[in-house]
>>> print(open('entry-v5.tsv').read())   # TSV, C-alpha atoms
chain	number	residue	atom	x	y	z
Q	1	MET	CA	81.75	153.92	40.38
Q	2	LYS	CA	85.52	154.21	40.09
Q	3	LYS	CA	85.80	155.58	43.58
Q	4	ASN	CA	83.68	152.74	44.88
Q	5	LEU	CA	85.86	150.20	43.08
Q	6	LEU	CA	89.03	151.74	44.44
Q	7	SER	CA	87.63	151.64	47.97
Q	8	GLN	CA	86.81	147.97	47.66
Q	9	ILE	CA	90.26	147.14	46.38
Q	10	ILE	CA	91.92	149.08	49.15
Q	11	ILE	CA	89.80	147.35	51.78
Q	12	VAL	CA	90.56	143.89	50.42
Q	13	VAL	CA	94.28	144.57	50.03
Q	14	SER	CA	94.48	146.08	53.50
Q	15	PHE	CA	92.74	143.10	54.98
Q	16	LEU	CA	95.01	140.62	53.24
Q	17	MET	CA	98.16	142.51	54.15
Q	18	LEU	CA	97.05	142.81	57.73
Q	19	SER	CA	96.22	139.15	58.03
Q	20	ALA	CA	99.47	138.15	56.38
Q	21	SER	CA	101.50	140.43	58.56
Q	22	SER	CA	99.97	139.60	61.91
Q	23	TYR	CA	100.35	135.87	62.03
Q	24	ALA	CA	102.81	133.28	60.78
Q	25	GLN	CA	102.77	129.72	62.02
Q	26	SER	CA	104.35	126.40	61.20
Q	27	ASN	CA	105.05	123.19	63.05
Q	28	THR	CA	107.22	120.11	63.30
Q	29	THR	CA	106.62	116.79	64.99
Q	30	GLN	CA	108.65	114.38	67.11
Q	31	GLN	CA	107.72	110.80	67.89
Q	32	ILE	CA	108.64	109.34	71.26
Q	33	SER	CA	108.57	105.64	72.08
Q	34	MET	CA	107.58	105.00	75.67
Q	35	GLY	CA	108.21	101.56	77.14
Q	36	ILE	CA	107.17	100.19	80.52
Q	37	PRO	CA	108.56	96.65	80.84
Q	38	GLU	CA	107.33	94.20	83.44
Q	39	VAL	CA	109.38	94.48	86.62
Q	40	LEU	CA	109.79	91.53	88.96
Q	41	LEU	CA	112.44	91.98	91.66
Q	42	ILE	CA	112.60	90.67	95.21
Q	43	ASN	CA	115.32	90.85	97.84
Q	44	ALA	CA	115.17	89.25	101.30
Q	45	VAL	CA	116.78	91.26	104.10
Q	46	ASP	CA	116.92	91.23	107.88
Q	47	THR	CA	115.60	93.98	110.14
Q	48	THR	CA	118.70	96.10	109.55
Q	49	GLY	CA	118.17	96.01	105.79
Q	50	ASN	CA	121.08	93.64	105.14
Q	51	VAL	CA	121.11	90.31	103.40
Q	52	ALA	CA	121.86	88.02	106.34
Q	53	ALA	CA	120.57	84.92	108.10
Q	54	ILE	CA	118.15	85.27	110.96
Q	55	SER	CA	118.61	83.02	113.99
Q	56	LEU	CA	115.78	81.19	115.67
Q	57	GLU	CA	116.19	79.15	118.83
Q	58	LEU	CA	113.87	76.70	120.49
Q	59	THR	CA	114.32	76.20	124.21
Q	60	THR	CA	112.60	76.09	127.53
Q	61	ASN	CA	113.64	76.75	131.11
Q	62	VAL	CA	110.51	75.56	132.81
Q	63	ALA	CA	110.49	71.91	133.62
Q	64	GLY	CA	107.49	70.20	132.16
Q	65	THR	CA	106.90	72.52	129.17
Q	66	ALA	CA	107.68	71.99	125.51
Q	67	ILE	CA	110.48	73.92	123.86
Q	68	ALA	CA	109.24	77.10	122.15
Q	69	GLY	CA	110.15	80.66	121.31
Q	70	GLY	CA	111.92	80.49	118.01
Q	71	THR	CA	110.79	83.82	116.61
Q	72	GLY	CA	112.34	86.31	114.21
Q	73	THR	CA	111.53	88.90	111.59
Q	74	SER	CA	112.72	89.59	108.07
Q	75	TYR	CA	111.58	91.66	105.09
Q	76	ALA	CA	111.23	91.22	101.36
Q	77	GLN	CA	111.93	94.35	99.36
Q	78	VAL	CA	110.09	94.29	96.08
Q	79	SER	CA	109.75	96.17	92.81
Q	80	SER	CA	106.86	95.13	90.63
Q	81	ILE	CA	105.20	96.38	87.48
Q	82	VAL	CA	102.46	94.13	86.19
Q	83	ALA	CA	100.67	93.86	82.89
Q	84	SER	CA	97.21	95.38	82.72
Q	85	GLY	CA	94.70	93.49	84.87
Q	86	GLN	CA	97.26	91.14	86.41
Q	87	THR	CA	98.44	90.60	89.98
Q	88	ARG	CA	101.22	88.62	91.62
Q	89	SER	CA	101.84	86.65	94.77
Q	90	ILE	CA	104.79	86.20	97.09
Q	91	GLN	CA	105.24	82.58	98.01
Q	92	ALA	CA	107.47	80.85	100.53
Q	93	SER	CA	108.79	77.35	101.07
Q	94	TYR	CA	111.73	75.78	102.88
Q	95	ASP	CA	114.18	73.09	101.90
Q	96	VAL	CA	114.32	71.22	105.20
Q	97	ILE	CA	113.76	71.94	108.89
Q	98	PRO	CA	114.69	69.85	111.94
Q	99	ALA	CA	112.45	66.86	112.48
Q	100	GLY	CA	109.60	67.30	114.92
Q	101	THR	CA	109.39	71.06	114.39
Q	102	SER	CA	107.28	73.39	112.28
Q	103	LEU	CA	107.90	76.83	110.85
Q	104	ASP	CA	105.05	79.30	110.62
Q	105	VAL	CA	105.06	82.74	109.03
Q	106	THR	CA	102.72	85.69	109.32
Q	107	GLY	CA	102.94	88.39	106.65
Q	108	THR	CA	102.32	92.13	106.94
Q	109	THR	CA	102.11	94.37	103.88
Q	110	PRO	CA	104.49	97.35	103.64
Q	111	THR	CA	103.73	100.41	105.73
Q	112	SER	CA	106.78	102.56	104.97
Q	113	SER	CA	106.37	105.89	103.19
Q	114	ASN	CA	109.39	104.95	101.06
Q	115	GLY	CA	107.19	102.82	98.83
Q	116	ASP	CA	104.03	103.16	96.80
Q	117	GLY	CA	101.61	101.18	94.73
Q	118	THR	CA	99.33	98.19	95.09
Q	119	TYR	CA	100.78	95.98	97.83
Q	120	GLY	CA	98.00	93.39	97.91
Q	121	SER	CA	97.21	91.65	101.17
Q	122	ALA	CA	98.66	89.04	103.49
Q	123	VAL	CA	97.23	85.57	103.78
Q	124	SER	CA	96.63	84.43	107.36
Q	125	THR	CA	99.44	82.64	109.19
Q	126	ILE	CA	100.84	79.82	107.10
Q	127	THR	CA	102.65	76.71	108.22
Q	128	LEU	CA	105.42	76.39	105.69
Q	129	SER	CA	106.38	73.26	103.84
Q	130	THR	CA	108.60	72.29	100.97
Q	131	THR	CA	105.81	73.32	98.60
Q	132	PRO	CA	105.54	77.07	97.85
Q	133	GLN	CA	102.48	78.67	99.43
Q	134	ASP	CA	101.07	82.17	99.03
Q	135	ILE	CA	102.01	84.55	101.84
Q	136	PHE	CA	100.86	87.71	99.99
Q	137	THR	CA	98.43	87.94	97.09
Q	138	GLY	CA	96.96	90.69	94.89
Q	139	ILE	CA	100.28	92.47	94.36
Q	140	GLY	CA	100.11	94.96	91.51
Q	141	SER	CA	102.56	97.63	90.44
Q	142	CYS	CA	104.48	98.74	93.49
Q	143	TYR	CA	107.83	99.30	95.14
Q	144	THR	CA	108.59	98.98	98.81
Q	145	GLY	CA	111.66	101.11	99.48
Q	146	THR	CA	115.15	99.86	100.27
Q	147	SER	CA	115.80	101.11	103.81
Q	148	ALA	CA	115.80	98.99	106.95
Q	149	LYS	CA	112.29	97.71	107.74
Q	150	ASP	CA	111.02	98.66	104.29
Q	151	GLY	CA	109.22	95.88	102.49
Q	152	TYR	CA	106.88	92.97	103.08
Q	153	ARG	CA	107.31	91.86	106.67
Q	154	PHE	CA	107.67	88.19	107.57
Q	155	ASP	CA	107.28	87.18	111.23
Q	156	TRP	CA	108.70	83.71	111.64
Q	157	LYS	CA	107.70	81.34	114.37
Q	158	TRP	CA	109.54	78.07	114.87
Q	159	ASN	CA	107.94	75.65	117.26
Q	160	ALA	CA	107.69	72.09	118.28
Q	161	SER	CA	105.51	70.42	115.75
Q	162	THR	CA	102.00	69.18	116.18
Q	163	ALA	CA	101.21	66.52	118.71
Q	164	GLY	CA	102.79	63.20	118.06
Q	165	GLN	CA	106.02	64.58	116.56
Q	166	TYR	CA	107.82	65.71	119.72
Q	167	ALA	CA	109.71	62.46	120.02
Q	168	ASN	CA	111.50	63.24	116.73
Q	169	ILE	CA	113.18	66.38	118.09
Q	170	VAL	CA	116.90	66.11	118.74
Q	171	ALA	CA	119.28	68.72	120.06
Q	172	THR	CA	121.09	70.53	117.27
Q	173	THR	CA	123.03	73.74	116.79
Q	174	GLY	CA	123.60	75.77	113.69
Q	175	THR	CA	121.20	73.93	111.42
Q	176	ALA	CA	120.68	76.12	108.39
Q	177	THR	CA	117.33	76.22	106.68
Q	178	THR	CA	116.82	78.05	103.47
Q	179	VAL	CA	113.43	79.63	102.95
Q	180	THR	CA	112.82	80.58	99.35
Q	181	LEU	CA	110.65	83.63	98.71
Q	182	THR	CA	109.28	83.84	95.21
Q	183	ILE	CA	107.32	86.61	93.55
Q	184	THR	CA	105.22	84.97	90.90
Q	185	ALA	CA	104.60	86.06	87.36
Q	186	GLY	CA	101.47	88.14	86.82
Q	187	GLN	CA	98.22	86.23	86.55
R	1	MET	CA	81.13	144.76	38.66
R	2	LYS	CA	82.78	141.71	37.06
R	3	LYS	CA	85.88	143.76	36.55
R	4	THR	CA	85.95	144.59	40.22
R	5	VAL	CA	85.81	140.94	41.22
R	6	TYR	CA	88.50	140.12	38.68
R	7	ILE	CA	90.85	142.75	40.01
R	8	ILE	CA	90.27	141.67	43.57
R	9	LEU	CA	90.97	138.05	42.70
R	10	MET	CA	94.17	139.00	40.88
R	11	ILE	CA	95.46	140.99	43.83
R	12	THR	CA	94.54	138.20	46.23
R	13	ALA	CA	96.35	135.64	44.11
R	14	LEU	CA	99.42	137.83	43.86
R	15	ILE	CA	99.66	138.36	47.59
R	16	ILE	CA	99.12	134.70	48.45
R	17	PHE	CA	101.54	133.60	45.74
R	18	SER	CA	104.23	135.99	46.87
R	19	ASN	CA	103.97	134.73	50.45
R	20	LYS	CA	104.20	131.12	49.36
R	21	LEU	CA	107.19	131.80	47.19
R	22	ASN	CA	108.98	133.38	50.08
R	23	ALA	CA	108.14	130.60	52.52
R	24	GLN	CA	109.72	128.00	50.30
R	25	THR	CA	113.00	129.82	50.00
R	26	TYR	CA	114.38	129.19	53.48
R	27	VAL	CA	115.13	126.33	55.83
R	28	ALA	CA	114.33	126.50	59.55
R	29	GLY	CA	117.37	127.87	61.29
R	30	ASP	CA	118.48	130.03	58.39
R	31	SER	CA	118.88	133.74	58.73
R	32	VAL	CA	115.97	135.23	56.77
R	33	PRO	CA	116.05	138.83	55.55
R	34	THR	CA	113.75	140.91	57.68
R	35	GLN	CA	112.71	143.37	55.03
R	36	ASN	CA	110.53	140.96	53.14
R	37	TYR	CA	107.84	138.86	54.68
R	38	ASN	CA	106.60	137.13	57.80
R	39	VAL	CA	108.35	133.82	58.31
R	40	GLY	CA	107.85	131.27	61.01
R	41	LEU	CA	109.81	128.16	60.12
R	42	ILE	CA	110.37	125.37	62.60
R	43	ASP	CA	112.17	122.04	62.35
R	44	SER	CA	114.31	119.76	64.52
R	45	ASN	CA	117.20	117.32	64.37
R	46	HIS	CA	114.59	114.50	64.49
R	47	PRO	CA	116.41	112.13	66.85
R	48	TYR	CA	115.10	108.70	67.78
R	49	ILE	CA	113.73	109.06	71.30
R	50	GLY	CA	112.96	105.90	73.21
R	51	MET	CA	112.39	106.04	76.96
R	52	GLN	CA	112.06	103.12	79.36
R	53	PHE	CA	110.23	103.15	82.68
R	54	ASN	CA	112.32	100.60	84.54
R	55	THR	CA	114.37	99.72	87.63
R	56	THR	CA	116.93	97.04	88.37
R	57	THR	CA	116.98	97.33	92.18
R	58	ALA	CA	114.41	95.50	94.28
R	59	GLY	CA	112.52	98.00	96.36
R	60	LEU	CA	113.08	101.01	94.13
R	61	GLY	CA	110.38	102.60	92.02
R	62	ALA	CA	110.93	102.77	88.29
R	63	SER	CA	112.45	106.10	87.34
R	64	PRO	CA	113.38	106.55	83.71
R	65	ALA	CA	116.26	108.79	82.72
R	66	THR	CA	115.44	112.12	81.16
R	67	ASN	CA	116.04	112.62	77.45
R	68	SER	CA	117.65	115.73	75.95
R	69	ASP	CA	118.37	114.58	72.40
R	70	LEU	CA	115.93	116.90	70.66
R	71	PHE	CA	116.96	120.29	69.32
R	72	VAL	CA	114.27	122.52	67.83
R	73	ARG	CA	115.48	125.09	65.34
R	74	LEU	CA	113.63	127.93	63.74
R	75	SER	CA	113.69	131.07	61.70
R	76	ALA	CA	111.39	133.91	62.56
R	77	THR	CA	111.13	137.25	60.87
R	78	ALA	CA	108.54	139.74	59.78
R	79	ARG	CA	107.85	142.55	57.49
R	80	ASN	CA	107.24	145.67	59.46
R	81	TYR	CA	104.18	147.36	58.04
R	82	GLY	CA	104.74	150.49	60.03
R	83	HIS	CA	103.63	149.00	63.32
R	84	ALA	CA	105.78	148.49	66.36
R	85	TYR	CA	107.06	144.92	66.56
R	86	SER	CA	106.50	143.41	69.98
R	87	GLY	CA	108.55	140.21	69.68
R	88	SER	CA	105.73	138.06	70.97
R	89	GLY	CA	106.47	134.93	69.00
R	90	THR	CA	106.21	131.58	70.79
R	91	ILE	CA	107.15	127.93	70.50
R	92	SER	CA	104.41	125.74	71.85
R	93	ALA	CA	104.05	122.00	72.20
R	94	CYS	CA	101.26	119.48	72.57
R	95	ILE	CA	100.53	115.79	72.10
R	96	THR	CA	98.87	115.22	68.74
R	97	ALA	CA	98.90	111.42	68.63
R	98	GLY	CA	99.04	108.67	71.22
R	99	THR	CA	98.50	108.78	74.96
R	100	VAL	CA	100.93	109.01	77.84
R	101	PRO	CA	100.66	105.75	79.85
R	102	GLN	CA	98.18	105.83	82.70
R	103	GLY	CA	99.67	106.67	86.08
R	104	THR	CA	102.54	108.63	84.56
R	105	VAL	CA	103.29	112.24	83.70
R	106	PHE	CA	105.40	113.42	80.78
R	107	THR	CA	107.00	116.84	81.00
R	108	LEU	CA	109.02	119.09	78.75
R	109	ILE	CA	111.29	122.04	79.33
R	110	SER	CA	113.40	124.01	76.85
R	111	ALA	CA	116.89	125.31	77.36
R	112	PRO	CA	117.75	128.76	76.00
R	113	CYS	CA	118.74	128.66	72.35
R	114	THR	CA	122.32	127.68	71.64
R	115	THR	CA	124.50	130.61	70.73
R	116	THR	CA	127.03	129.10	68.33
R	117	ASN	CA	125.20	129.73	65.07
R	118	SER	CA	122.19	131.78	66.13
R	119	GLY	CA	121.25	135.41	66.05
R	120	GLY	CA	118.45	137.81	66.86
R	121	SER	CA	115.78	137.83	69.54
R	122	LEU	CA	115.65	134.17	70.53
R	123	GLY	CA	113.09	134.53	73.29
R	124	THR	CA	112.93	133.09	76.79
R	125	PRO	CA	112.10	129.51	77.81
R	126	ILE	CA	109.34	128.90	80.33
R	127	THR	CA	111.13	128.13	83.62
R	128	THR	CA	108.81	125.40	84.92
R	129	PRO	CA	108.48	122.18	82.91
R	130	ILE	CA	105.11	121.88	81.23
R	131	ILE	CA	103.07	118.71	81.63
R	132	LEU	CA	102.47	117.66	78.05
R	133	SER	CA	98.85	117.21	77.05
R	134	THR	CA	96.67	117.59	74.01
R	135	THR	CA	96.40	121.31	74.75
R	136	ASP	CA	99.03	123.53	73.18
R	137	GLN	CA	101.28	125.17	75.79
R	138	ASN	CA	104.07	127.68	75.36
R	139	ILE	CA	107.60	126.52	76.10
R	140	VAL	CA	109.47	129.55	74.71
R	141	THR	CA	108.04	133.06	74.57
R	142	ASN	CA	109.05	136.55	73.46
R	143	ILE	CA	110.62	135.36	70.25
R	144	GLY	CA	111.46	138.16	67.87
R	145	THR	CA	113.19	138.13	64.53
R	146	CYS	CA	115.83	135.46	64.87
R	147	TYR	CA	117.46	132.30	63.57
R	148	THR	CA	118.93	129.37	65.46
R	149	GLY	CA	121.40	127.81	63.04
R	150	THR	CA	120.82	124.57	61.18
R	151	ASN	CA	123.26	122.06	62.71
R	152	ASP	CA	122.04	119.03	64.66
R	153	THR	CA	122.83	120.64	67.99
R	154	ASP	CA	121.74	124.15	67.10
R	155	GLY	CA	118.54	125.53	68.54
R	156	TYR	CA	116.51	124.98	71.66
R	157	GLN	CA	117.51	121.79	73.48
R	158	MET	CA	114.39	120.07	74.76
R	159	THR	CA	114.43	117.89	77.86
R	160	PHE	CA	111.70	115.31	78.37
R	161	SER	CA	111.05	113.83	81.83
R	162	TRP	CA	108.74	110.97	82.64
R	163	TYR	CA	107.61	110.00	86.10
R	164	SER	CA	104.75	108.38	87.97
R	165	ASP	CA	102.03	110.34	89.71
R	166	ASN	CA	100.01	107.23	90.57
R	167	TYR	CA	102.05	104.05	90.81
R	168	LYS	CA	98.99	101.86	91.31
R	169	GLN	CA	97.79	102.70	87.81
R	170	ILE	CA	101.01	101.77	86.03
R	171	HIS	CA	101.10	98.64	83.95
R	172	SER	CA	103.59	97.26	81.49
R	173	GLN	CA	103.12	98.47	77.93
R	174	ASN	CA	104.78	99.98	74.90
R	175	THR	CA	103.36	103.00	73.20
R	176	THR	CA	104.34	105.85	70.92
R	177	ILE	CA	103.26	109.44	71.21
R	178	THR	CA	103.72	112.34	68.83
R	179	ILE	CA	104.62	115.78	70.07
R	180	THR	CA	103.91	118.70	67.75
R	181	PHE	CA	105.98	121.86	68.12
R	182	THR	CA	104.47	125.03	66.70
R	183	ILE	CA	106.05	128.38	66.13
R	184	THR	CA	103.65	131.27	66.15
R	185	VAL	CA	105.08	134.59	65.10
R	186	ALA	CA	102.69	137.40	65.84
R	187	PHE	CA	103.33	141.01	65.02
R	188	HIS	CA	101.16	143.82	66.24
>>> encode(input="entry-v5.tsv", output="structure tokens")
Amino acid sequence: MKKNLLSQIIIVVSFLMLSASSYAQSNTTQQISMGIPEVLLINAVDTTGNVAAISLELTTNVAGTAIAGGTGTSYAQVSSIVASGQTRSIQASYDVIPAGTSLDVTGTTPTSSNGDGTYGSAVSTITLSTTPQDIFTGIGSCYTGTSAKDGYRFDWKWNASTAGQYANIVATTGTATTVTLTITAGQ
Amino acid sequence: MKKTVYIILMITALIIFSNKLNAQTYVAGDSVPTQNYNVGLIDSNHPYIGMQFNTTTAGLGASPATNSDLFVRLSATARNYGHAYSGSGTISACITAGTVPQGTVFTLISAPCTTTNSGGSLGTPITTPIILSTTDQNIVTNIGTCYTGTNDTDGYQMTFSWYSDNYKQIHSQNTTITITFTITVAFH
């Protein structure tokens, strides 16, 4: 009986000592606050990536035809982070353009590998006015890159206006028109 | 038979009690005498860590700065019961509360332990940052009997990085996560 008791004690003690000696563990914690604010940045640049005016010129050298050919390209470089479930638009409007003319724009979403995210899609060609109109819609969280030709592409086309307005056109040089590009708040 | 149970219980209580007594004697980072008991104590300087996923330049993706404010300190030691000590202790880390925002990845890497106030076998940090998840992963291995010191900038400096792996999935939000650091001191 005594021998049996001693054996049991030795087994239990051995087990406890072994378990105590083979493993010691404790821990500590650290909280980390992670913030992703909404981002809403847009920058209009020319084809070289610089903030500069683009020049459009209407002319003709064929007798009997209307003046035409005022084309140019610019880009809007964008950084956007939206709230969950929301999207944004890029809108455009001008302040004033020469009488008897119209300014159209066709948008193309970014294609550069310098950007990433949800670029949305371009609306079909828009004839601009003084009222902002959507050029791109469905923009989510994205960035376009900042190099030349990165960004949302705008192909501008300045033409004689619709029929009945041609008589209002007068020769002018250096008329500045400001087109305002706006990225809207998330909706 | 009752006497047997009684004796066993007494011995059990004594062993458990003696271990507990010892564990309460030291602070993480202290030098702990090696001749006594297993100790694995871990603590940190508990800084406020707030990270922002932001950009101020149109066209650039948001890229938050890294954060290296956290220092983890510890004391590790063991009683040698006649077995060879392999120095296989580890510091591991995992997310125990909260969720890393969708579309982003949160990583952690440890620097080697500072040397100013430390001593012993301080182990080796894993060389590639771990992507933090709810699964415990080692960030320092081969820890033997050691101590790191107890000052705010003593110990293993931890660097957190946060970046996007899927920009389309990012959306604005504020959240808090909890990282749990565990020291495991194993002796074979």
>>> residues_around(input="entry-v5.tsv", residues="stretch 179-181 of chain R", least_positions_apart="4", cutoff="9 Å", atoms="all atoms listed in the file", output="PyMOL selection string")
(chain Q and resi 26-32) or (chain R and resi 42-43+72+91-97+132+136)
>>> closest_residue(input="entry-v5.tsv", among="Q:Thr60, Q:Thr118, Q:Ser93, Q:Ser112", to="Q:Thr180", atoms="only C-alpha atoms")
Q:Ser93
>>> interface_residues(input="entry-v5.tsv", of="chain R", to="chain Q", cutoff="7 Å", atoms="all atoms listed in the file", output="ChimeraX atom specification")
/R:4,8,38-43,46,49-54,58-61,79,167-168,170-188
>>> residues_around(input="entry-v5.tsv", residues="stretch 113-119 of chain R", least_positions_apart="5", cutoff="9 Å", atoms="only C-alpha atoms", output="JSON list (two decimals) with C-alpha atoms, in the coordinates of the input")
[["chain", "number", "residue", "atom", "x", "y", "z"],
["R", 29, "GLY", "CA", 117.37, 127.87, 61.29],
["R", 30, "ASP", "CA", 118.48, 130.03, 58.39],
["R", 31, "SER", "CA", 118.88, 133.74, 58.73],
["R", 72, "VAL", "CA", 114.27, 122.52, 67.83],
["R", 73, "ARG", "CA", 115.48, 125.09, 65.34],
["R", 124, "THR", "CA", 112.93, 133.09, 76.79],
["R", 125, "PRO", "CA", 112.10, 129.51, 77.81],
["R", 145, "THR", "CA", 113.19, 138.13, 64.53],
["R", 146, "CYS", "CA", 115.83, 135.46, 64.87],
["R", 147, "TYR", "CA", 117.46, 132.30, 63.57],
["R", 148, "THR", "CA", 118.93, 129.37, 65.46],
["R", 149, "GLY", "CA", 121.40, 127.81, 63.04],
["R", 150, "THR", "CA", 120.82, 124.57, 61.18],
["R", 151, "ASN", "CA", 123.26, 122.06, 62.71],
["R", 153, "THR", "CA", 122.83, 120.64, 67.99],
["R", 154, "ASP", "CA", 121.74, 124.15, 67.10],
["R", 155, "GLY", "CA", 118.54, 125.53, 68.54],
["R", 156, "TYR", "CA", 116.51, 124.98, 71.66],
["R", 157, "GLN", "CA", 117.51, 121.79, 73.48]]
>>> closest_residue(input="entry-v5.tsv", among="Q:Ala176, Q:Val51, Q:Leu181, Q:Ile97", to="Q:Tyr152", atoms="all atoms listed in the file")
Q:Leu181
>>> residues_around(input="entry-v5.tsv", residues="Q:Thr48", least_positions_apart="3", cutoff="8 Å", atoms="only C-alpha atoms", output="list in words")
Val45, Ala148 and Lys149 of chain Q
>>> axis_aligned_box(input="entry-v5.tsv", around="stretch 119-122 of chain Q", padding_each_side="3 Å", output="lines of an AutoDock Vina configuration file")
center_x = 99.0
center_y = 92.5
center_z = 100.7
size_x = 9.6
size_y = 12.9
size_z = 11.7
>>> atom_distance(input="entry-v5.tsv", atom1="atom CA of Q:Thr73", atom2="atom CA of Q:Thr108")
10.8 Å
>>> atom_distance(input="entry-v5.tsv", atom1="atom CA of Q:Tyr75", atom2="atom CA of Q:Ser113")
15.3 Å
>>> atom_distance(input="entry-v5.tsv", atom1="atom CA of Q:Thr130", atom2="atom CA of Q:Glu57")
20.6 Å
